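Listing of run_24.json; format and content: JSON, C-alpha atoms.
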```json
[["chain", "number", "residue", "atom", "x", "y", "z"],
["A", 1, "MET", "CA", -180.16, -58.58, -95.92],
["A", 2, "SER", "CA", -178.11, -55.98, -97.73],
["A", 3, "GLY", "CA", -180.21, -53.56, -99.75],
["A", 4, "ARG", "CA", -180.57, -54.85, -103.27],
["A", 5, "ALA", "CA", -179.84, -52.86, -106.41],
["A", 6, "VAL", "CA", -182.88, -50.59, -106.12],
["A", 7, "SER", "CA", -181.35, -47.54, -104.49],
["A", 8, "MET", "CA", -182.35, -44.89, -107.01],
["A", 9, "SER", "CA", -180.21, -42.14, -105.47],
["A", 10, "ASP", "CA", -176.90, -43.72, -106.36],
["A", 11, "SER", "CA", -177.67, -44.81, -109.85],
["A", 12, "SER", "CA", -177.72, -41.37, -111.39],
["A", 13, "VAL", "CA", -175.86, -42.69, -114.40],
["A", 14, "GLY", "CA", -179.10, -42.77, -116.28],
["A", 15, "ALA", "CA", -178.02, -45.33, -118.84],
["A", 16, "PRO", "CA", -180.71, -44.87, -121.48],
["A", 17, "SER", "CA", -180.12, -48.26, -123.08],
["A", 18, "ARG", "CA", -181.53, -50.05, -120.10],
["A", 19, "PRO", "CA", -185.31, -50.09, -120.03],
["A", 20, "ARG", "CA", -186.49, -49.92, -116.45],
["A", 21, "THR", "CA", -189.75, -51.68, -115.96],
["A", 22, "ALA", "CA", -189.15, -52.11, -112.27],
["A", 23, "ALA", "CA", -192.01, -51.71, -109.84],
["A", 24, "GLY", "CA", -195.62, -51.84, -110.84],
["A", 25, "HIS", "CA", -195.03, -54.85, -113.04],
["A", 26, "ASP", "CA", -195.68, -57.30, -110.24],
["A", 27, "ARG", "CA", -199.31, -57.99, -110.93],
["A", 28, "GLY", "CA", -201.33, -59.67, -108.25],
["A", 29, "ASP", "CA", -198.96, -59.16, -105.38],
["A", 30, "ALA", "CA", -199.02, -55.89, -103.59],
["A", 31, "GLY", "CA", -195.92, -54.97, -101.70],
["A", 32, "ASN", "CA", -192.58, -56.66, -101.98],
["A", 33, "PRO", "CA", -192.83, -60.40, -102.45],
["A", 34, "ARG", "CA", -189.88, -61.90, -100.66],
["A", 35, "PRO", "CA", -187.79, -64.18, -102.85],
["A", 36, "LEU", "CA", -187.76, -67.74, -101.63],
["A", 37, "PHE", "CA", -184.70, -68.42, -103.67],
["A", 38, "ASP", "CA", -182.20, -66.12, -105.32],
["A", 39, "ARG", "CA", -179.08, -67.61, -106.80],
["A", 40, "GLY", "CA", -176.44, -66.83, -109.38],
["A", 41, "PHE", "CA", -174.36, -69.61, -110.90],
["A", 42, "LEU", "CA", -172.69, -70.85, -114.08],
["A", 43, "ALA", "CA", -174.83, -72.87, -116.45],
["A", 44, "ALA", "CA", -173.87, -76.56, -116.68],
["A", 45, "ASP", "CA", -175.63, -79.91, -116.25],
["A", 46, "LYS", "CA", -174.09, -80.71, -112.91],
["A", 47, "THR", "CA", -174.62, -77.22, -111.55],
["A", 48, "THR", "CA", -178.25, -77.42, -112.57],
["A", 49, "ARG", "CA", -178.58, -80.55, -110.45],
["A", 50, "ALA", "CA", -177.03, -78.94, -107.42],
["A", 51, "VAL", "CA", -179.09, -75.75, -107.73],
["A", 52, "LEU", "CA", -182.31, -77.72, -108.15],
["A", 53, "ALA", "CA", -181.49, -79.78, -105.07],
["A", 54, "ASP", "CA", -181.06, -76.59, -103.02],
["A", 55, "LEU", "CA", -184.19, -75.09, -104.52],
["A", 56, "VAL", "CA", -186.31, -78.13, -103.70],
["A", 57, "ALA", "CA", -184.97, -78.13, -100.15],
["A", 58, "ASP", "CA", -185.87, -74.45, -99.71],
["A", 59, "LEU", "CA", -189.31, -74.81, -101.29],
["A", 60, "SER", "CA", -189.99, -77.87, -99.24],
["A", 61, "ARG", "CA", -189.09, -75.96, -96.10],
["A", 62, "ALA", "CA", -191.53, -73.26, -97.21],
["A", 63, "GLY", "CA", -194.29, -75.88, -97.10],
["A", 64, "LEU", "CA", -194.96, -76.60, -100.77],
["A", 65, "THR", "CA", -196.86, -79.80, -101.59],
["A", 66, "PRO", "CA", -195.09, -82.66, -103.38],
["A", 67, "ASP", "CA", -197.01, -81.83, -106.58],
["A", 68, "ASP", "CA", -195.96, -78.19, -106.49],
["A", 69, "LEU", "CA", -192.39, -79.19, -105.72],
["A", 70, "SER", "CA", -192.18, -81.60, -108.61],
["A", 71, "ASN", "CA", -193.74, -79.11, -111.04],
["A", 72, "ALA", "CA", -191.25, -76.44, -110.02],
["A", 73, "GLU", "CA", -188.32, -78.81, -110.25],
["A", 74, "LEU", "CA", -189.36, -80.02, -113.69],
["A", 75, "VAL", "CA", -190.09, -76.60, -115.19],
["A", 76, "LEU", "CA", -186.88, -75.06, -113.90],
["A", 77, "ALA", "CA", -184.85, -78.09, -114.97],
["A", 78, "GLU", "CA", -186.17, -77.66, -118.50],
["A", 79, "VAL", "CA", -185.45, -73.93, -118.51],
["A", 80, "LEU", "CA", -181.94, -74.38, -117.11],
["A", 81, "ASN", "CA", -181.20, -77.26, -119.49],
["A", 82, "ASN", "CA", -182.22, -75.06, -122.40],
["A", 83, "ILE", "CA", -179.91, -72.30, -121.21],
["A", 84, "ALA", "CA", -176.98, -74.69, -120.77],
["A", 85, "GLU", "CA", -177.56, -76.39, -124.12],
["A", 86, "HIS", "CA", -178.67, -73.54, -126.35],
["A", 87, "ALA", "CA", -177.98, -70.12, -124.87],
["A", 88, "TYR", "CA", -174.52, -71.21, -123.73],
["A", 89, "SER", "CA", -173.80, -73.99, -126.20],
["A", 90, "LYS", "CA", -170.19, -72.85, -126.61],
["A", 91, "ALA", "CA", -169.10, -71.99, -123.10],
["A", 92, "PRO", "CA", -170.81, -71.82, -119.73],
["A", 93, "GLY", "CA", -171.99, -68.40, -118.61],
["A", 94, "PRO", "CA", -173.83, -66.73, -115.77],
["A", 95, "VAL", "CA", -177.41, -67.56, -114.84],
["A", 96, "GLU", "CA", -179.60, -65.98, -112.21],
["A", 97, "LEU", "CA", -182.59, -67.77, -110.79],
["A", 98, "ARG", "CA", -185.07, -66.00, -108.60],
["A", 99, "VAL", "CA", -188.18, -67.64, -107.22],
["A", 100, "GLU", "CA", -190.81, -65.90, -105.16],
["A", 101, "LEU", "CA", -193.96, -66.92, -103.44],
["A", 102, "GLN", "CA", -197.09, -65.39, -104.95],
["A", 103, "ARG", "CA", -200.72, -65.91, -104.17],
["A", 104, "ALA", "CA", -201.33, -67.71, -107.47],
["A", 105, "GLY", "CA", -198.18, -69.78, -107.49],
["A", 106, "LEU", "CA", -194.43, -69.50, -107.76],
["A", 107, "GLY", "CA", -193.14, -66.51, -109.67],
["A", 108, "CYS", "CA", -189.84, -67.31, -111.35],
["A", 109, "THR", "CA", -187.33, -65.19, -113.22],
["A", 110, "ILE", "CA", -184.45, -66.84, -115.00],
["A", 111, "SER", "CA", -181.78, -64.63, -116.54],
["A", 112, "ASP", "CA", -178.79, -65.42, -118.71],
["A", 113, "GLN", "CA", -176.34, -63.61, -120.98],
["A", 114, "GLY", "CA", -176.19, -66.23, -123.70],
["A", 115, "ARG", "CA", -177.73, -66.43, -127.13],
["A", 116, "SER", "CA", -181.20, -64.87, -127.31],
["A", 117, "LEU", "CA", -184.28, -66.95, -127.92],
["A", 118, "PRO", "CA", -184.92, -67.41, -131.65],
["A", 119, "ALA", "CA", -186.92, -64.45, -133.01],
["A", 120, "GLY", "CA", -186.94, -63.03, -129.50],
["A", 121, "VAL", "CA", -190.07, -64.91, -128.51],
["A", 122, "VAL", "CA", -190.82, -67.81, -126.22],
["A", 123, "PRO", "CA", -191.02, -70.95, -128.38],
["A", 124, "ASP", "CA", -194.36, -72.65, -128.66],
["A", 125, "PRO", "CA", -193.62, -75.81, -130.60],
["A", 126, "GLU", "CA", -196.13, -78.47, -131.46],
["A", 127, "LEU", "CA", -195.62, -81.71, -129.62],
["A", 128, "PRO", "CA", -193.39, -83.75, -131.93],
["A", 129, "LEU", "CA", -195.17, -86.39, -133.98],
["A", 130, "ILE", "CA", -195.35, -89.67, -132.10],
["A", 131, "ALA", "CA", -196.11, -92.56, -134.42],
["A", 132, "PRO", "CA", -194.14, -95.70, -133.64],
["A", 133, "PRO", "CA", -192.21, -97.40, -134.96],
["A", 134, "ASP", "CA", -191.10, -94.82, -137.51],
["A", 135, "HIS", "CA", -191.59, -91.62, -135.54],
["A", 136, "LEU", "CA", -190.27, -91.87, -132.02],
["A", 137, "PRO", "CA", -188.91, -88.47, -131.06],
["A", 138, "GLU", "CA", -186.11, -88.31, -128.50],
["A", 139, "GLY", "CA", -186.32, -84.56, -128.04],
["A", 140, "GLY", "CA", -188.36, -81.47, -128.62],
["A", 141, "PHE", "CA", -190.42, -81.85, -125.45],
["A", 142, "GLY", "CA", -188.86, -79.20, -123.25],
["A", 143, "TRP", "CA", -190.89, -76.12, -124.16],
["A", 144, "HIS", "CA", -194.04, -78.19, -124.36],
["A", 145, "ILE", "CA", -193.55, -79.32, -120.77],
["A", 146, "ILE", "CA", -192.76, -75.76, -119.67],
["A", 147, "ARG", "CA", -195.90, -74.42, -121.34],
["A", 148, "CYS", "CA", -198.08, -77.15, -119.86],
["A", 149, "LEU", "CA", -197.05, -76.30, -116.32],
["A", 150, "THR", "CA", -196.77, -72.50, -116.39],
["A", 151, "THR", "CA", -198.72, -69.30, -116.99],
["A", 152, "ASP", "CA", -197.59, -65.73, -117.69],
["A", 153, "LEU", "CA", -194.59, -66.85, -119.70],
["A", 154, "ARG", "CA", -192.66, -63.80, -120.86],
["A", 155, "TYR", "CA", -189.33, -63.12, -122.46],
["A", 156, "ALA", "CA", -187.49, -59.84, -122.64],
["A", 157, "LYS", "CA", -184.04, -58.59, -123.44],
["A", 158, "ASP", "CA", -182.64, -56.36, -120.70],
["A", 159, "GLY", "CA", -179.29, -55.04, -121.86],
["A", 160, "ASP", "CA", -177.09, -58.12, -122.20],
["A", 161, "TRP", "CA", -179.52, -60.23, -120.23],
["A", 162, "ASN", "CA", -182.20, -62.55, -121.49],
["A", 163, "ARG", "CA", -184.95, -62.55, -118.92],
["A", 164, "LEU", "CA", -187.56, -65.26, -118.90],
["A", 165, "SER", "CA", -190.33, -64.90, -116.38],
["A", 166, "LEU", "CA", -193.08, -67.37, -115.67],
["A", 167, "ARG", "CA", -195.49, -68.47, -113.03],
["A", 168, "ILE", "CA", -195.97, -72.03, -111.87],
["A", 169, "PRO", "CA", -199.55, -72.09, -110.60],
["A", 170, "TRP", "CA", -200.37, -74.15, -107.52],
["A", 171, "ALA", "CA", -201.27, -77.68, -108.50],
["A", 172, "ASP", "CA", -204.25, -78.03, -106.08],
["B", 1, "MET", "CA", -165.51, -85.89, -101.82],
["B", 2, "ASN", "CA", -168.85, -84.69, -103.02],
["B", 3, "LYS", "CA", -169.00, -87.46, -105.52],
["B", 4, "THR", "CA", -171.87, -87.10, -107.86],
["B", 5, "ILE", "CA", -173.79, -90.06, -109.11],
["B", 6, "ALA", "CA", -173.03, -89.06, -112.67],
["B", 7, "GLU", "CA", -169.29, -89.45, -112.23],
["B", 8, "ASP", "CA", -169.78, -93.05, -111.31],
["B", 9, "GLY", "CA", -172.11, -93.73, -114.18],
["B", 10, "VAL", "CA", -175.64, -94.84, -113.67],
["B", 11, "ASP", "CA", -176.38, -97.57, -111.18],
["B", 12, "ILE", "CA", -178.48, -100.34, -112.68],
["B", 13, "ALA", "CA", -179.41, -103.84, -111.55],
["B", 14, "THR", "CA", -180.75, -106.58, -113.77],
["B", 15, "SER", "CA", -182.53, -109.84, -113.20],
["B", 16, "ARG", "CA", -183.91, -112.44, -115.52],
["B", 17, "VAL", "CA", -187.40, -113.63, -114.70],
["B", 18, "GLY", "CA", -189.17, -116.04, -116.99],
["B", 19, "GLN", "CA", -188.78, -114.64, -120.46],
["B", 20, "ALA", "CA", -188.32, -111.09, -119.26],
["B", 21, "LEU", "CA", -185.18, -109.13, -118.50],
["B", 22, "VAL", "CA", -185.86, -106.70, -115.67],
["B", 23, "VAL", "CA", -183.59, -103.64, -115.64],
["B", 24, "THR", "CA", -183.94, -101.73, -112.38],
["B", 25, "VAL", "CA", -182.61, -98.18, -112.21],
["B", 26, "MET", "CA", -181.14, -97.74, -108.74],
["B", 27, "ASP", "CA", -180.62, -93.97, -109.02],
["B", 28, "SER", "CA", -183.32, -91.45, -108.24],
["B", 29, "ARG", "CA", -182.72, -89.13, -111.19],
["B", 30, "ILE", "CA", -182.56, -89.51, -114.95],
["B", 31, "ASP", "CA", -181.80, -85.99, -116.14],
["B", 32, "ALA", "CA", -179.66, -84.07, -118.60],
["B", 33, "ALA", "CA", -176.56, -84.72, -116.48],
["B", 34, "VAL", "CA", -176.79, -88.50, -116.90],
["B", 35, "ALA", "CA", -178.98, -89.07, -119.97],
["B", 36, "ILE", "CA", -176.12, -90.33, -122.14],
["B", 37, "GLU", "CA", -174.62, -92.49, -119.38],
["B", 38, "PHE", "CA", -178.05, -93.91, -118.70],
["B", 39, "LYS", "CA", -178.55, -94.88, -122.32],
["B", 40, "GLU", "CA", -175.16, -96.56, -122.45],
["B", 41, "ALA", "CA", -175.65, -98.38, -119.16],
["B", 42, "VAL", "CA", -179.01, -99.82, -120.19],
["B", 43, "ARG", "CA", -177.65, -100.72, -123.60],
["B", 44, "THR", "CA", -174.85, -102.72, -121.98],
["B", 45, "GLU", "CA", -177.16, -104.44, -119.51],
["B", 46, "ALA", "CA", -179.64, -105.27, -122.25],
["B", 47, "GLU", "CA", -177.05, -107.43, -123.96],
["B", 48, "SER", "CA", -178.30, -110.11, -121.58],
["B", 49, "PRO", "CA", -181.09, -112.14, -123.13],
["B", 50, "GLY", "CA", -184.73, -111.63, -122.27],
["B", 51, "ASN", "CA", -187.88, -110.38, -123.92],
["B", 52, "PRO", "CA", -189.55, -108.12, -123.08],
["B", 53, "VAL", "CA", -187.09, -105.81, -121.37],
["B", 54, "ILE", "CA", -188.88, -104.28, -118.41],
["B", 55, "LEU", "CA", -187.39, -101.00, -117.22],
["B", 56, "ASP", "CA", -188.16, -100.73, -113.52],
["B", 57, "LEU", "CA", -188.34, -97.01, -112.67],
["B", 58, "SER", "CA", -189.73, -97.37, -109.16],
["B", 59, "ASN", "CA", -186.64, -95.73, -107.61],
["B", 60, "VAL", "CA", -186.70, -92.80, -110.01],
["B", 61, "THR", "CA", -188.32, -89.67, -108.61],
["B", 62, "PHE", "CA", -187.15, -87.20, -111.24],
["B", 63, "LEU", "CA", -187.12, -87.45, -115.01],
["B", 64, "ASP", "CA", -186.76, -84.46, -117.34],
["B", 65, "SER", "CA", -187.16, -84.29, -121.11],
["B", 66, "SER", "CA", -183.54, -85.37, -121.60],
["B", 67, "GLY", "CA", -184.19, -88.43, -119.45],
["B", 68, "LEU", "CA", -187.35, -89.14, -121.39],
["B", 69, "GLY", "CA", -185.38, -88.91, -124.62],
["B", 70, "ALA", "CA", -182.90, -91.44, -123.23],
["B", 71, "VAL", "CA", -185.68, -93.90, -122.42],
["B", 72, "VAL", "CA", -187.01, -93.52, -125.97],
["B", 73, "ALA", "CA", -183.51, -94.00, -127.34],
["B", 74, "VAL", "CA", -183.22, -97.26, -125.38],
["B", 75, "MET", "CA", -186.46, -98.44, -126.91],
["B", 76, "LYS", "CA", -185.06, -97.78, -130.37],
["B", 77, "LEU", "CA", -181.75, -99.47, -129.56],
["B", 78, "LEU", "CA", -183.56, -102.66, -128.66],
["B", 79, "GLY", "CA", -184.95, -102.84, -132.15],
["B", 80, "ALA", "CA", -188.20, -104.25, -133.42],
["B", 81, "GLU", "CA", -187.87, -107.75, -132.00],
["B", 82, "ARG", "CA", -187.46, -106.78, -128.36],
["B", 83, "ARG", "CA", -190.11, -104.79, -126.57],
["B", 84, "LEU", "CA", -189.28, -102.21, -123.90],
["B", 85, "GLU", "CA", -191.91, -102.00, -121.20],
["B", 86, "LEU", "CA", -191.95, -99.73, -118.17],
["B", 87, "SER", "CA", -192.81, -100.41, -114.59],
["B", 88, "GLY", "CA", -193.26, -98.55, -111.32],
["B", 89, "LEU", "CA", -193.58, -94.95, -112.51],
["B", 90, "THR", "CA", -193.59, -92.58, -109.53],
["B", 91, "PRO", "CA", -196.03, -89.62, -109.84],
["B", 92, "PRO", "CA", -193.45, -87.06, -111.07],
["B", 93, "VAL", "CA", -192.18, -89.48, -113.71],
["B", 94, "ALA", "CA", -195.68, -90.51, -114.80],
["B", 95, "LYS", "CA", -196.50, -86.82, -115.27],
["B", 96, "VAL", "CA", -193.71, -86.37, -117.82],
["B", 97, "PHE", "CA", -194.91, -89.36, -119.82],
["B", 98, "ARG", "CA", -198.47, -88.05, -119.67],
["B", 99, "LEU", "CA", -197.67, -84.45, -120.65],
["B", 100, "THR", "CA", -195.65, -85.59, -123.67],
["B", 101, "ARG", "CA", -198.15, -88.33, -124.58],
["B", 102, "MET", "CA", -195.31, -90.81, -124.45],
["B", 103, "ASP", "CA", -197.53, -92.89, -122.17],
["B", 104, "SER", "CA", -199.24, -94.01, -125.39],
["B", 105, "VAL", "CA", -196.03, -95.51, -126.73],
["B", 106, "PHE", "CA", -195.07, -97.83, -123.88],
["B", 107, "THR", "CA", -196.75, -100.66, -122.08],
["B", 108, "ILE", "CA", -196.66, -99.39, -118.52],
["B", 109, "HIS", "CA", -197.04, -101.70, -115.53],
["B", 110, "SER", "CA", -198.05, -100.15, -112.25],
["B", 111, "GLU", "CA", -195.57, -102.40, -110.52],
["B", 112, "LEU", "CA", -193.53, -105.50, -111.09],
["B", 113, "PRO", "CA", -195.33, -108.68, -110.19],
["B", 114, "GLY", "CA", -193.74, -110.06, -106.98],
["B", 115, "ALA", "CA", -191.96, -112.75, -108.93],
["B", 116, "LEU", "CA", -190.39, -110.22, -111.25],
["B", 117, "ARG", "CA", -188.99, -107.94, -108.60],
["B", 118, "ALA", "CA", -185.27, -107.46, -108.96],
["B", 119, "THR", "CA", -183.45, -108.37, -105.77],
["B", 120, "GLY", "CA", -180.17, -106.62, -105.43]]
```
In structure tokens, write the structure found in this file.
Amino acid sequence: MSGRAVSMSDSSVGAPSRPRTAAGHDRGDAGNPRPLFDRGFLAADKTTRAVLADLVADLSRAGLTPDDLSNAELVLAEVLNNIAEHAYSKAPGPVELRVELQRAGLGCTISDQGRSLPAGVVPDPELPLIAPPDHLPEGGFGWHIIRCLTTDLRYAKDGDWNRLSLRIPWAD
Amino acid sequence: MNKTIAEDGVDIATSRVGQALVVTVMDSRIDAAVAIEFKEAVRTEAESPGNPVILDLSNVTFLDSSGLGAVVAVMKLLGAERRLELSGLTPPVAKVFRLTRMDSVFTIHSELPGALRATG
């Protein structure tokens, strides 16, 4: 439990390029929500698998229902796949995944230093046209799945970091 | 040590029952890490005769959009004369088909009839 980054006294550097939206932005949860999962790793398919396995084990230990577990695993798989395939299409780079328990669901923040999201906004694509036999899409479902299973989807640039935050509401 | 499933390819079993070729996925995940291997493995197995091809997904507990894309790709590979049908979707897998409306594209059996069950 070493104190995390927030010690204001030391950071008197006052880098003006870094917008600090720290506390007060955590709507709905007074006090400090404890992260259930906090992990830094390099983006890649196989790493994604391993991280998701650890995440599911931790969330399962925290008492999440099978539905909530599978929603979290699916949403975060899609986000991490996007990062590996698009943000870091040339070479793997650092990713940080933080998941915390909130009253309304799981609050997740996923950060990377790769290519920014196009136009700096969270994509909201139409579901691809499905009209067999001529139109059978093999891709383009990722963001649709993410949007179906999340609320409070936000994207921001924080220095070199892309920060995507989202909430996965309880399935109930 | 720490062998991943992906390094060994995707584990698949097939059986021929009546006219149908049943392709049972033995692994629990079809995700971005194995989507291409999965497609290739099913393509190879589907060289055996049988129509329809029934993809038995009862062991699969996780499918992401890459995995879904691979299943669609298999359907296309089989061409117009051979149907791909699905069987045994676990709840997390069924959810992906439902959310993407891909459940409208496939004939989906809740489970393989006893006679069709792949043994081994």
Starting from chain B, keep only residues with some atom at most 7 Å from an atom of chain A, counting only C-alpha atoms, and report them as an NGL selection string. :B and (32-33 or 64-65 or 69-70 or 72-73 or 92 or 99-100)
Contacts of Asp56 (chain B) within 7 Å, all atoms listed in the file, excl. fewer than 3 positions in-chain, as a PDB file with C-alpha atoms, in the coordinates of the input:
```pdb
ATOM      1  CA  VAL B  22    -185.860-106.700-115.670  1.00  0.00           C
ATOM      2  CA  VAL B  23    -183.590-103.640-115.640  1.00  0.00           C
ATOM      3  CA  THR B  24    -183.940-101.730-112.380  1.00  0.00           C
ATOM      4  CA  VAL B  25    -182.610 -98.180-112.210  1.00  0.00           C
ATOM      5  CA  LEU B  86    -191.950 -99.730-118.170  1.00  0.00           C
ATOM      6  CA  SER B  87    -192.810-100.410-114.590  1.00  0.00           C
ATOM      7  CA  GLY B  88    -193.260 -98.550-111.320  1.00  0.00           C
TER       8      GLY B  88
END
```
Up to 10 Å from (-187.6, -64.6, -99.0) in the file's coordinates: name the residues, counting all atoms listed in the file, as a list in words. Asn32, Pro33, Arg34, Pro35, Leu36, Phe37, Asp38, Ala62, Val99, Glu100 and Leu101 of chain A
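Using only C-alpha atoms, the residues found no farther than 7 Å from Val93 (chain B), other than those of its own chain fewer than 2 positions away, are Thr61, Phe62, Leu63, Leu89, Thr90, Pro91, Lys95, Val96 and Phe97 of chain B.
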Distance query 6 Å from (-180.9, -65.8, -120.1) using all atoms listed in the file, result as a list in words: Ser111, Asp112, Gln113, Gly114, Trp161, Asn162 and Arg163 of chain A
Would you mind exporting C-alpha atoms of the selected residues as a PDB file, keeping the file's coordinate frame?
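What ended up in result38.pdb:
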```pdb
ATOM      1  CA  SER A 111    -181.780 -64.630-116.540  1.00  0.00           C
ATOM      2  CA  ASP A 112    -178.790 -65.420-118.710  1.00  0.00           C
ATOM      3  CA  GLN A 113    -176.340 -63.610-120.980  1.00  0.00           C
ATOM      4  CA  GLY A 114    -176.190 -66.230-123.700  1.00  0.00           C
ATOM      5  CA  TRP A 161    -179.520 -60.230-120.230  1.00  0.00           C
ATOM      6  CA  ASN A 162    -182.200 -62.550-121.490  1.00  0.00           C
ATOM      7  CA  ARG A 163    -184.950 -62.550-118.920  1.00  0.00           C
TER       8      ARG A 163
END
```
Residue nearest Val51 (chain A) - candidates A:Leu164, A:Leu80, A:Ile146, A:Ala104, atoms counted: all atoms listed in the file: A:Leu80
d(CA of Pro118 (chain A), CA of Thr151 (chain A)) in Å: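 If I compute the distance from CA of Pro118 (chain A) to CA of Thr151 (chain A), I get 20.2 Å.
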Can you measure CA of Val60 (chain B) to CA of Ile30 (chain B) for me? One decimal in Å is fine.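 So the answer is 7.2 Å.
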So what do you get for CA of Ala80 (chain B) versus CA of Gly50 (chain B), distance-wise?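 The value is 13.8 Å.
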Within 10 Å of Ala41 (chain B), counting all atoms listed in the file, which residues show up once you throw out same-chain ones fewer than 3 positions away? Write them as a PyMOL selection string, please. chain B and resi 9-12+25+35-38+44-46+74
Taking all atoms listed in the file into account, name the residue in A:Val95, A:Ser89, A:Leu76, A:Ile110 that is nearest to Arg147 (chain A). A:Leu76
Select, from B:Arg83, B:Ser66, B:Glu40, B:Ser104, the residue with the minimum atom-to-atom distance to Asn82 (chain A), counting all atoms listed in the file. B:Ser66
Which residues are close to Ser116 (chain A), i.e. within 10 Å by all atoms listed in the file, leaving aside same-chain residues fewer than 5 positions away? Reply as a PyMOL selection string. chain A and resi 83+86-88+121+155-157+160-163
Extract region 49-91 of chain B from the preceding block and save C-alpha atoms as a compact mmCIF listing (two decimals), in the first residue's frame.
```txt
# COMPACT_ATOMS: atom_id res chain seq x y z
CA PRO B 49 -17.68 -34.22 -46.12
CA GLY B 50 -20.97 -33.42 -44.43
CA ASN B 51 -23.79 -30.94 -44.77
CA PRO B 52 -24.71 -29.00 -42.76
CA VAL B 53 -21.58 -28.27 -40.76
CA ILE B 54 -22.64 -27.89 -37.15
CA LEU B 55 -20.22 -25.88 -35.03
CA ASP B 56 -20.56 -27.15 -31.47
CA LEU B 57 -19.66 -24.26 -29.16
CA SER B 58 -20.78 -25.86 -25.91
CA ASN B 59 -17.24 -25.76 -24.46
CA VAL B 60 -16.72 -22.12 -25.36
CA THR B 61 -17.31 -19.69 -22.51
CA PHE B 62 -15.74 -16.61 -24.06
CA LEU B 63 -16.11 -15.14 -27.53
CA ASP B 64 -15.16 -11.57 -28.44
CA SER B 65 -15.82 -9.64 -31.65
CA SER B 66 -12.68 -11.11 -33.24
CA GLY B 67 -13.95 -14.60 -32.46
CA LEU B 68 -17.34 -13.70 -33.85
CA GLY B 69 -15.66 -12.46 -37.02
CA ALA B 70 -13.85 -15.79 -37.31
CA VAL B 71 -17.11 -17.72 -37.07
CA VAL B 72 -18.59 -15.53 -39.80
CA ALA B 73 -15.47 -16.05 -41.90
CA VAL B 74 -15.91 -19.82 -41.57
CA MET B 75 -19.47 -19.49 -42.78
CA LYS B 76 -18.24 -17.66 -45.86
CA LEU B 77 -15.46 -20.17 -46.48
CA LEU B 78 -17.97 -22.98 -46.64
CA GLY B 79 -19.66 -21.29 -49.55
CA ALA B 80 -23.26 -21.28 -50.62
CA GLU B 81 -23.76 -25.03 -50.87
CA ARG B 82 -22.80 -25.90 -47.31
CA ARG B 83 -24.65 -24.43 -44.38
CA LEU B 84 -22.93 -23.55 -41.11
CA GLU B 85 -25.16 -24.04 -38.09
CA LEU B 86 -24.33 -23.42 -34.46
CA SER B 87 -25.03 -25.44 -31.38
CA GLY B 88 -24.67 -25.20 -27.62
CA LEU B 89 -24.12 -21.47 -27.13
CA THR B 90 -23.23 -20.73 -23.51
CA PRO B 91 -24.79 -17.53 -22.08
```
